[in-house]
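The next block is protein-v7.csv, given as CSV, C-alpha atoms.
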chain,number,residue,atom,x,y,z
H,1,MET,CA,-110.7,74.2,-72.9
H,2,LYS,CA,-113.7,73.8,-70.7
H,3,LEU,CA,-113.0,74.1,-67.0
H,4,THR,CA,-115.3,71.9,-64.8
H,5,ARG,CA,-115.9,72.6,-61.1
H,6,ARG,CA,-114.0,69.5,-60.1
H,7,SER,CA,-110.9,70.5,-62.2
H,8,ALA,CA,-111.0,74.0,-60.8
H,9,LEU,CA,-111.0,72.6,-57.2
H,10,LYS,CA,-108.1,70.4,-58.1
H,11,THR,CA,-106.1,73.3,-59.5
H,12,ALA,CA,-106.9,75.4,-56.5
H,13,ALA,CA,-105.8,72.6,-54.1
H,14,GLY,CA,-102.6,72.2,-56.0
H,15,SER,CA,-101.9,75.9,-55.8
H,16,MET,CA,-102.4,76.0,-52.1
H,17,ALA,CA,-100.2,73.0,-51.6
H,18,ALA,CA,-97.4,74.7,-53.6
H,19,ALA,CA,-97.9,77.9,-51.6
H,20,ALA,CA,-97.6,75.9,-48.3
H,21,VAL,CA,-94.3,74.5,-49.5
H,22,ILE,CA,-93.0,77.9,-50.4
H,23,ALA,CA,-94.0,79.4,-47.1
H,24,SER,CA,-92.7,76.5,-45.0
H,25,PRO,CA,-90.3,77.6,-42.3
H,26,SER,CA,-88.1,74.6,-43.0
H,27,ASN,CA,-87.1,75.7,-46.5
H,28,SER,CA,-84.4,78.1,-47.6
H,29,LEU,CA,-86.5,81.2,-47.2
H,30,GLY,CA,-86.5,81.1,-43.4
H,31,GLN,CA,-85.3,79.6,-40.2
H,32,THR,CA,-85.5,75.8,-39.8
H,33,PRO,CA,-87.4,74.5,-36.7
H,34,LYS,CA,-85.6,72.8,-33.8
H,35,LYS,CA,-86.7,69.3,-34.8
H,36,LYS,CA,-84.8,69.7,-38.1
H,37,ALA,CA,-81.6,71.1,-36.6
H,38,ASN,CA,-78.5,69.2,-37.8
H,39,PRO,CA,-76.4,67.9,-34.9
H,40,LYS,CA,-73.4,67.4,-37.3
H,41,PHE,CA,-73.5,70.7,-39.1
H,42,ARG,CA,-70.3,72.5,-39.9
H,43,ILE,CA,-70.0,75.8,-41.7
H,44,LYS,CA,-69.4,75.3,-45.4
H,45,ASN,CA,-69.9,78.5,-47.3
H,46,GLY,CA,-68.1,80.9,-45.0
H,47,ARG,CA,-69.3,84.0,-46.8
H,48,ILE,CA,-70.3,85.3,-43.3
H,49,LYS,CA,-67.4,85.2,-40.9
H,50,GLN,CA,-69.1,84.0,-37.8
H,51,SER,CA,-68.1,84.7,-34.2
H,52,ILE,CA,-69.8,84.3,-30.9
H,53,MET,CA,-70.5,86.5,-27.8
H,54,GLY,CA,-69.2,84.1,-25.1
H,55,TRP,CA,-71.3,85.5,-22.2
H,56,THR,CA,-74.6,84.2,-23.8
H,57,PHE,CA,-73.6,80.6,-23.4
H,58,LYS,CA,-72.9,80.7,-19.6
H,59,PRO,CA,-72.5,78.5,-17.6
H,60,MET,CA,-70.7,76.6,-20.4
H,61,PRO,CA,-66.9,76.9,-19.7
H,62,ILE,CA,-65.1,79.1,-22.2
H,63,PRO,CA,-62.6,76.3,-23.2
H,64,GLU,CA,-65.5,74.0,-24.0
H,65,LEU,CA,-67.3,76.7,-25.9
H,66,ALA,CA,-64.1,77.6,-27.8
H,67,ASN,CA,-63.6,74.0,-28.9
H,68,LEU,CA,-67.2,73.8,-30.0
H,69,CYS,CA,-66.8,77.0,-32.0
H,70,LYS,CA,-63.8,75.6,-33.7
H,71,GLU,CA,-65.6,72.3,-34.5
H,72,VAL,CA,-68.6,74.1,-36.0
H,73,GLY,CA,-66.4,76.4,-38.1
H,74,LEU,CA,-66.7,79.7,-36.3
H,75,VAL,CA,-63.6,81.8,-36.9
H,76,ALA,CA,-63.7,84.2,-33.8
H,77,MET,CA,-64.9,84.8,-30.3
H,78,GLU,CA,-65.7,87.9,-28.3
H,79,GLY,CA,-67.3,88.8,-25.0
H,80,ILE,CA,-64.8,86.6,-23.1
H,81,SER,CA,-62.2,87.5,-20.5
H,82,ARG,CA,-58.8,88.4,-21.7
H,83,ASP,CA,-57.4,85.4,-19.9
H,84,ASN,CA,-59.0,83.3,-22.6
H,85,TYR,CA,-57.4,85.1,-25.5
H,86,PRO,CA,-54.4,82.8,-25.7
H,87,LEU,CA,-56.7,79.8,-26.0
H,88,VAL,CA,-58.6,81.4,-28.8
H,89,LYS,CA,-55.3,82.2,-30.6
H,90,LYS,CA,-54.1,78.6,-30.1
H,91,LEU,CA,-57.2,77.3,-31.8
H,92,GLY,CA,-56.5,79.5,-34.8
H,93,MET,CA,-59.4,81.9,-34.1
H,94,ASP,CA,-59.5,85.7,-33.9
H,95,VAL,CA,-60.9,87.9,-31.1
H,96,SER,CA,-63.5,89.8,-33.1
H,97,LEU,CA,-64.3,92.6,-30.6
H,98,VAL,CA,-62.5,93.7,-27.4
H,99,GLY,CA,-64.4,95.0,-24.5
H,100,SER,CA,-64.0,98.4,-22.9
H,101,HIS,CA,-66.1,100.5,-20.5
H,102,GLY,CA,-69.5,98.7,-20.5
H,103,PHE,CA,-73.0,100.0,-21.5
H,104,LYS,CA,-74.1,101.5,-18.2
H,105,LYS,CA,-71.3,104.0,-17.4
H,106,GLY,CA,-70.8,105.8,-20.7
H,107,PRO,CA,-69.8,109.2,-22.0
H,108,VAL,CA,-73.3,110.7,-21.7
H,109,ASP,CA,-72.2,111.8,-18.2
H,110,PRO,CA,-68.9,113.6,-17.9
H,111,LYS,CA,-68.4,112.0,-14.5
H,112,ASN,CA,-67.6,108.8,-16.4
H,113,HIS,CA,-65.2,110.3,-18.9
H,114,ASP,CA,-61.9,109.6,-17.1
H,115,GLU,CA,-62.8,106.0,-16.6
H,116,CYS,CA,-64.1,105.6,-20.2
H,117,VAL,CA,-60.9,107.2,-21.7
H,118,ALA,CA,-58.7,104.9,-19.6
H,119,LYS,CA,-60.6,101.7,-20.5
H,120,LEU,CA,-60.9,102.6,-24.2
H,121,THR,CA,-57.2,103.5,-24.4
H,122,ASP,CA,-56.3,100.2,-22.7
H,123,ALA,CA,-58.4,98.2,-25.1
H,124,ILE,CA,-57.0,100.1,-28.2
H,125,GLU,CA,-53.5,99.4,-27.0
H,126,LEU,CA,-54.3,95.7,-26.4
H,127,CYS,CA,-55.8,95.4,-29.9
H,128,ALA,CA,-52.7,97.0,-31.5
H,129,ALA,CA,-50.3,94.7,-29.6
H,130,ALA,CA,-52.3,91.5,-30.4
H,131,GLY,CA,-53.3,92.3,-34.0
H,132,TYR,CA,-57.0,92.6,-33.2
H,133,LYS,CA,-59.1,95.3,-35.0
H,134,ARG,CA,-62.2,96.3,-33.1
H,135,VAL,CA,-63.1,97.8,-29.7
H,136,ILE,CA,-66.7,98.1,-28.5
H,137,THR,CA,-68.1,101.4,-27.1
H,138,PHE,CA,-71.4,102.6,-25.8
H,139,THR,CA,-73.2,105.9,-25.1
H,140,GLY,CA,-74.2,104.8,-21.5
H,141,MET,CA,-77.4,105.5,-19.7
H,142,LYS,CA,-79.2,108.8,-19.7
H,143,ALA,CA,-78.3,111.0,-16.8
H,144,LYS,CA,-80.4,113.4,-14.6
H,145,ASP,CA,-80.2,117.0,-15.7
H,146,ILE,CA,-78.5,116.2,-19.0
H,147,ASP,CA,-80.7,116.7,-22.0
H,148,ASP,CA,-80.3,114.8,-25.3
H,149,GLU,CA,-78.4,117.6,-27.0
H,150,LEU,CA,-75.9,117.8,-24.2
H,151,ALA,CA,-75.7,114.1,-23.9
H,152,GLU,CA,-74.7,113.8,-27.6
H,153,LYS,CA,-72.1,116.5,-27.2
H,154,ASN,CA,-70.6,114.8,-24.2
H,155,CYS,CA,-70.4,111.5,-26.1
H,156,ILE,CA,-68.8,113.0,-29.2
H,157,HIS,CA,-66.3,114.9,-27.0
H,158,LEU,CA,-65.3,111.7,-25.2
H,159,TRP,CA,-64.9,109.6,-28.4
H,160,LYS,CA,-62.8,112.3,-30.1
H,161,LYS,CA,-60.3,112.1,-27.1
H,162,VAL,CA,-59.4,108.5,-28.0
H,163,LEU,CA,-59.9,108.5,-31.8
H,164,SER,CA,-56.4,109.9,-32.6
H,165,LEU,CA,-54.9,106.8,-30.9
H,166,ALA,CA,-57.4,104.5,-32.6
H,167,GLU,CA,-56.6,105.9,-36.0
H,168,LYS,CA,-52.9,105.7,-35.3
H,169,LYS,CA,-53.1,102.0,-34.2
H,170,ASN,CA,-55.5,101.1,-37.0
H,171,VAL,CA,-58.2,100.1,-34.6
H,172,THR,CA,-62.0,100.7,-35.1
H,173,LEU,CA,-64.3,101.8,-32.3
H,174,CYS,CA,-67.7,100.2,-32.7
H,175,LEU,CA,-70.7,102.0,-31.1
H,176,GLU,CA,-73.4,99.6,-30.1
H,177,HIS,CA,-77.0,100.6,-30.5
H,178,LEU,CA,-79.2,98.9,-27.8
H,179,ASN,CA,-82.9,98.6,-27.3
H,180,SER,CA,-84.6,100.4,-24.4
H,181,ARG,CA,-88.0,98.7,-24.9
H,182,ASP,CA,-87.5,95.2,-23.5
H,183,ASP,CA,-87.6,95.3,-19.7
H,184,SER,CA,-88.1,91.6,-19.1
H,185,HIS,CA,-84.4,90.8,-18.5
H,186,PRO,CA,-81.3,92.9,-17.8
H,187,MET,CA,-79.5,91.6,-20.9
H,188,LYS,CA,-82.5,91.5,-23.3
H,189,GLY,CA,-83.2,95.2,-23.1
H,190,HIS,CA,-81.7,98.3,-21.5
H,191,PRO,CA,-84.4,100.9,-20.4
H,192,GLY,CA,-82.8,104.3,-20.1
H,193,TYR,CA,-80.0,103.7,-22.6
H,194,PHE,CA,-79.2,106.9,-24.6
H,195,GLY,CA,-78.2,105.3,-27.9
H,196,ASP,CA,-81.4,103.4,-28.5
H,197,ASP,CA,-82.2,105.0,-31.9
H,198,VAL,CA,-80.0,103.5,-34.6
H,199,ASP,CA,-80.6,106.4,-36.9
H,200,HIS,CA,-79.4,108.8,-34.2
H,201,CYS,CA,-76.3,106.6,-33.6
H,202,VAL,CA,-75.5,106.9,-37.3
H,203,LYS,CA,-75.9,110.7,-37.1
H,204,MET,CA,-73.4,110.8,-34.3
H,205,ILE,CA,-71.0,108.6,-36.2
H,206,GLU,CA,-71.3,110.9,-39.2
H,207,LYS,CA,-70.6,114.0,-37.1
H,208,ILE,CA,-67.4,112.4,-35.9
H,209,GLY,CA,-66.4,111.6,-39.4
H,210,SER,CA,-63.6,109.1,-38.7
H,211,PRO,CA,-63.0,105.8,-40.5
H,212,SER,CA,-62.0,104.5,-37.1
H,213,PHE,CA,-65.5,105.0,-35.6
H,214,LYS,CA,-68.3,102.8,-36.8
H,215,LEU,CA,-71.7,101.3,-35.9
H,216,LEU,CA,-72.2,97.9,-34.2
H,217,PHE,CA,-75.4,96.9,-35.9
H,218,ASP,CA,-77.2,94.5,-33.6
H,219,VAL,CA,-80.0,93.0,-35.7
H,220,TYR,CA,-82.0,92.0,-32.6
H,221,HIS,CA,-81.8,95.5,-31.1
H,222,VAL,CA,-82.5,97.3,-34.4
H,223,GLN,CA,-85.5,95.1,-35.0
H,224,ILE,CA,-87.0,96.0,-31.7
H,225,MET,CA,-86.4,99.7,-31.8
H,226,ASN,CA,-86.5,100.6,-35.5
H,227,GLY,CA,-87.2,97.7,-37.8
H,228,ASP,CA,-86.8,97.8,-41.5
H,229,VAL,CA,-83.6,95.9,-40.9
H,230,ILE,CA,-82.5,95.0,-44.5
H,231,ARG,CA,-83.1,98.5,-45.8
H,232,ARG,CA,-81.1,100.0,-42.9
H,233,ILE,CA,-78.3,97.5,-43.6
H,234,ARG,CA,-78.1,98.8,-47.2
H,235,GLN,CA,-78.5,102.4,-46.1
H,236,TYR,CA,-75.8,102.3,-43.5
H,237,LYS,CA,-73.4,99.8,-45.0
H,238,ASP,CA,-70.5,102.3,-45.2
H,239,VAL,CA,-70.6,103.0,-41.4
H,240,ILE,CA,-71.2,99.5,-40.1
H,241,GLY,CA,-68.2,97.9,-38.5
H,242,HIS,CA,-69.7,94.8,-36.8
H,243,TYR,CA,-72.9,92.8,-36.5
H,244,HIS,CA,-74.6,90.8,-33.7
H,245,THR,CA,-77.6,88.4,-34.0
H,246,ALA,CA,-80.4,87.0,-31.8
H,247,GLY,CA,-83.9,85.9,-32.3
H,248,ASN,CA,-86.8,88.3,-31.5
H,249,PRO,CA,-88.8,88.3,-29.3
H,250,GLY,CA,-86.8,86.8,-26.4
H,251,ARG,CA,-83.2,87.0,-27.6
H,252,ALA,CA,-83.2,83.3,-28.1
H,253,GLU,CA,-82.4,80.9,-31.0
H,254,LEU,CA,-82.7,81.9,-34.6
H,255,ASP,CA,-85.4,79.4,-35.2
H,256,ASP,CA,-88.9,79.5,-36.6
H,257,THR,CA,-90.5,80.7,-33.3
H,258,GLN,CA,-89.1,84.3,-33.9
H,259,GLU,CA,-89.8,87.0,-36.4
H,260,ILE,CA,-86.4,87.9,-38.1
H,261,ASN,CA,-85.7,86.2,-41.4
H,262,TYR,CA,-82.0,85.7,-40.8
H,263,PRO,CA,-81.1,84.0,-44.1
H,264,ALA,CA,-82.4,87.0,-45.9
H,265,VAL,CA,-80.6,89.4,-43.5
H,266,MET,CA,-77.3,87.5,-44.0
H,267,LYS,CA,-77.7,87.6,-47.8
H,268,ALA,CA,-78.2,91.3,-47.6
H,269,ILE,CA,-75.1,91.7,-45.5
H,270,VAL,CA,-73.1,89.7,-48.1
H,271,LYS,CA,-74.4,91.9,-50.9
H,272,THR,CA,-73.1,95.0,-49.3
H,273,GLY,CA,-69.5,93.7,-49.5
H,274,TYR,CA,-69.1,93.5,-45.8
H,275,ASP,CA,-66.0,91.4,-44.8
H,276,GLY,CA,-66.1,91.8,-41.0
H,277,TYR,CA,-67.5,89.5,-38.4
H,278,VAL,CA,-71.1,88.6,-37.5
H,279,ALA,CA,-71.3,87.4,-33.9
H,280,GLN,CA,-74.0,85.1,-32.5
H,281,GLU,CA,-75.4,86.8,-29.4
H,282,PHE,CA,-78.5,84.8,-28.7
H,283,ILE,CA,-79.2,83.3,-25.3
H,284,PRO,CA,-79.9,79.6,-25.9
H,285,THR,CA,-83.0,78.1,-24.5
H,286,TRP,CA,-82.7,74.6,-25.9
H,287,ASP,CA,-81.4,71.9,-23.6
H,288,ASP,CA,-78.6,71.0,-26.1
H,289,LYS,CA,-76.7,74.3,-26.4
H,290,SER,CA,-74.2,72.9,-28.9
H,291,LEU,CA,-77.2,72.0,-31.2
H,292,ALA,CA,-78.5,75.6,-30.8
H,293,LEU,CA,-75.1,77.0,-31.9
H,294,ARG,CA,-74.9,74.6,-34.9
H,295,HIS,CA,-78.4,75.6,-35.9
H,296,ALA,CA,-77.6,79.3,-35.7
H,297,ALA,CA,-74.4,78.8,-37.7
H,298,GLU,CA,-76.3,76.9,-40.4
H,299,ILE,CA,-79.0,79.6,-40.6
H,300,CYS,CA,-76.3,82.3,-41.2
H,301,ASP,CA,-74.1,80.2,-43.5
H,302,VAL,CA,-75.8,81.6,-46.7
structure tokens encoding of this file:
Amino acid sequence: MKLTRRSALKTAAGSMAAAAVIASPSNSLGQTPKKKANPKFRIKNGRIKQSIMGWTFKPMPIPELANLCKEVGLVAMEGISRDNYPLVKKLGMDVSLVGSHGFKKGPVDPKNHDECVAKLTDAIELCAAAGYKRVITFTGMKAKDIDDELAEKNCIHLWKKVLSLAEKKNVTLCLEHLNSRDDSHPMKGHPGYFGDDVDHCVKMIEKIGSPSFKLLFDVYHVQIMNGDVIRRIRQYKDVIGHYHTAGNPGRAELDDTQEINYPAVMKAIVKTGYDGYVAQEFIPTWDDKSLALRHAAEICDV
């Protein structure tokens, strides 16, 4: 068949149009833009058990946020005061992660060990009594005159002190990797944090060798510090005990203004057989925070 210049141009134009549809951020391959967010969305698939870090939605009152989560179809909350746990339970939701010693004063420095042990022990006991399963832990900030090798030894020594209790109570400690790169906001990055390399965090977890000590894989922090998110999810699936989300850059919504393809990330998590929680930990910038949550829930409901 003879191909004229006009027919060739038509074919090329059709191919480019098709490519534009495929690449559009509003299709199933990526995040939908704000203007297409569904104000009535409710989780349908539920293959990802979604939770939320309550601190990110301040100043929205926790009771209001809890009821919104229930309406949208989230099944758990975390990052809220213990005073709110009864409300979460009354709504039929779980507490997906219990707080402990915080990310600044961690086991890197032996001066913090007594406080860390006390707070981790308290959190483990609370979990066991309430039927919760996970407690967060951190390395803490680097300390003067403590090199990386000694800092690692100090961390492992501290965690082993509480692991026998965690194992006995069937509670998992989840070590959160944080980025030390973003210095624009005190909760968007943590310059000086020791556990800022996710590969190193996994090595420490492997040295401990306990099923009750796992990684909190924060997609936002991993993207900033290490990247190659989906490959790492597959690589570390056996040691991941919890997930967090946020858009990068900016730790904002999971929309088409940021670089992480969350639908693909969520599908990768599902394929690993993970059955724990994925907590939304983005800081909303939209005027309508409830719409921002519905949007993120829809993005992750693969």
At what distance in Å, to one decimal, does CA of His244 in chain H lie from CA of Lys267 in chain H? 14.8 Å
Out of H:Tyr193, H:Tyr236, H:Phe41, H:Tyr277, which residue has the shortest atom-to-atom distance to Asp94 in chain H when counting all atoms listed in the file?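 For Asp94 in chain H, the nearest of the candidates is H:Tyr277.
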Separation of CA of Leu91 in chain H and CA of Asp218 in chain H, in Å? 26.4 Å
Residue nearest His101 in chain H - candidates H:Lys119, H:His177, H:Lys133, H:His242, atoms counted: only C-alpha atoms: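 The answer is H:Lys119, which sits nearest to His101 in chain H.
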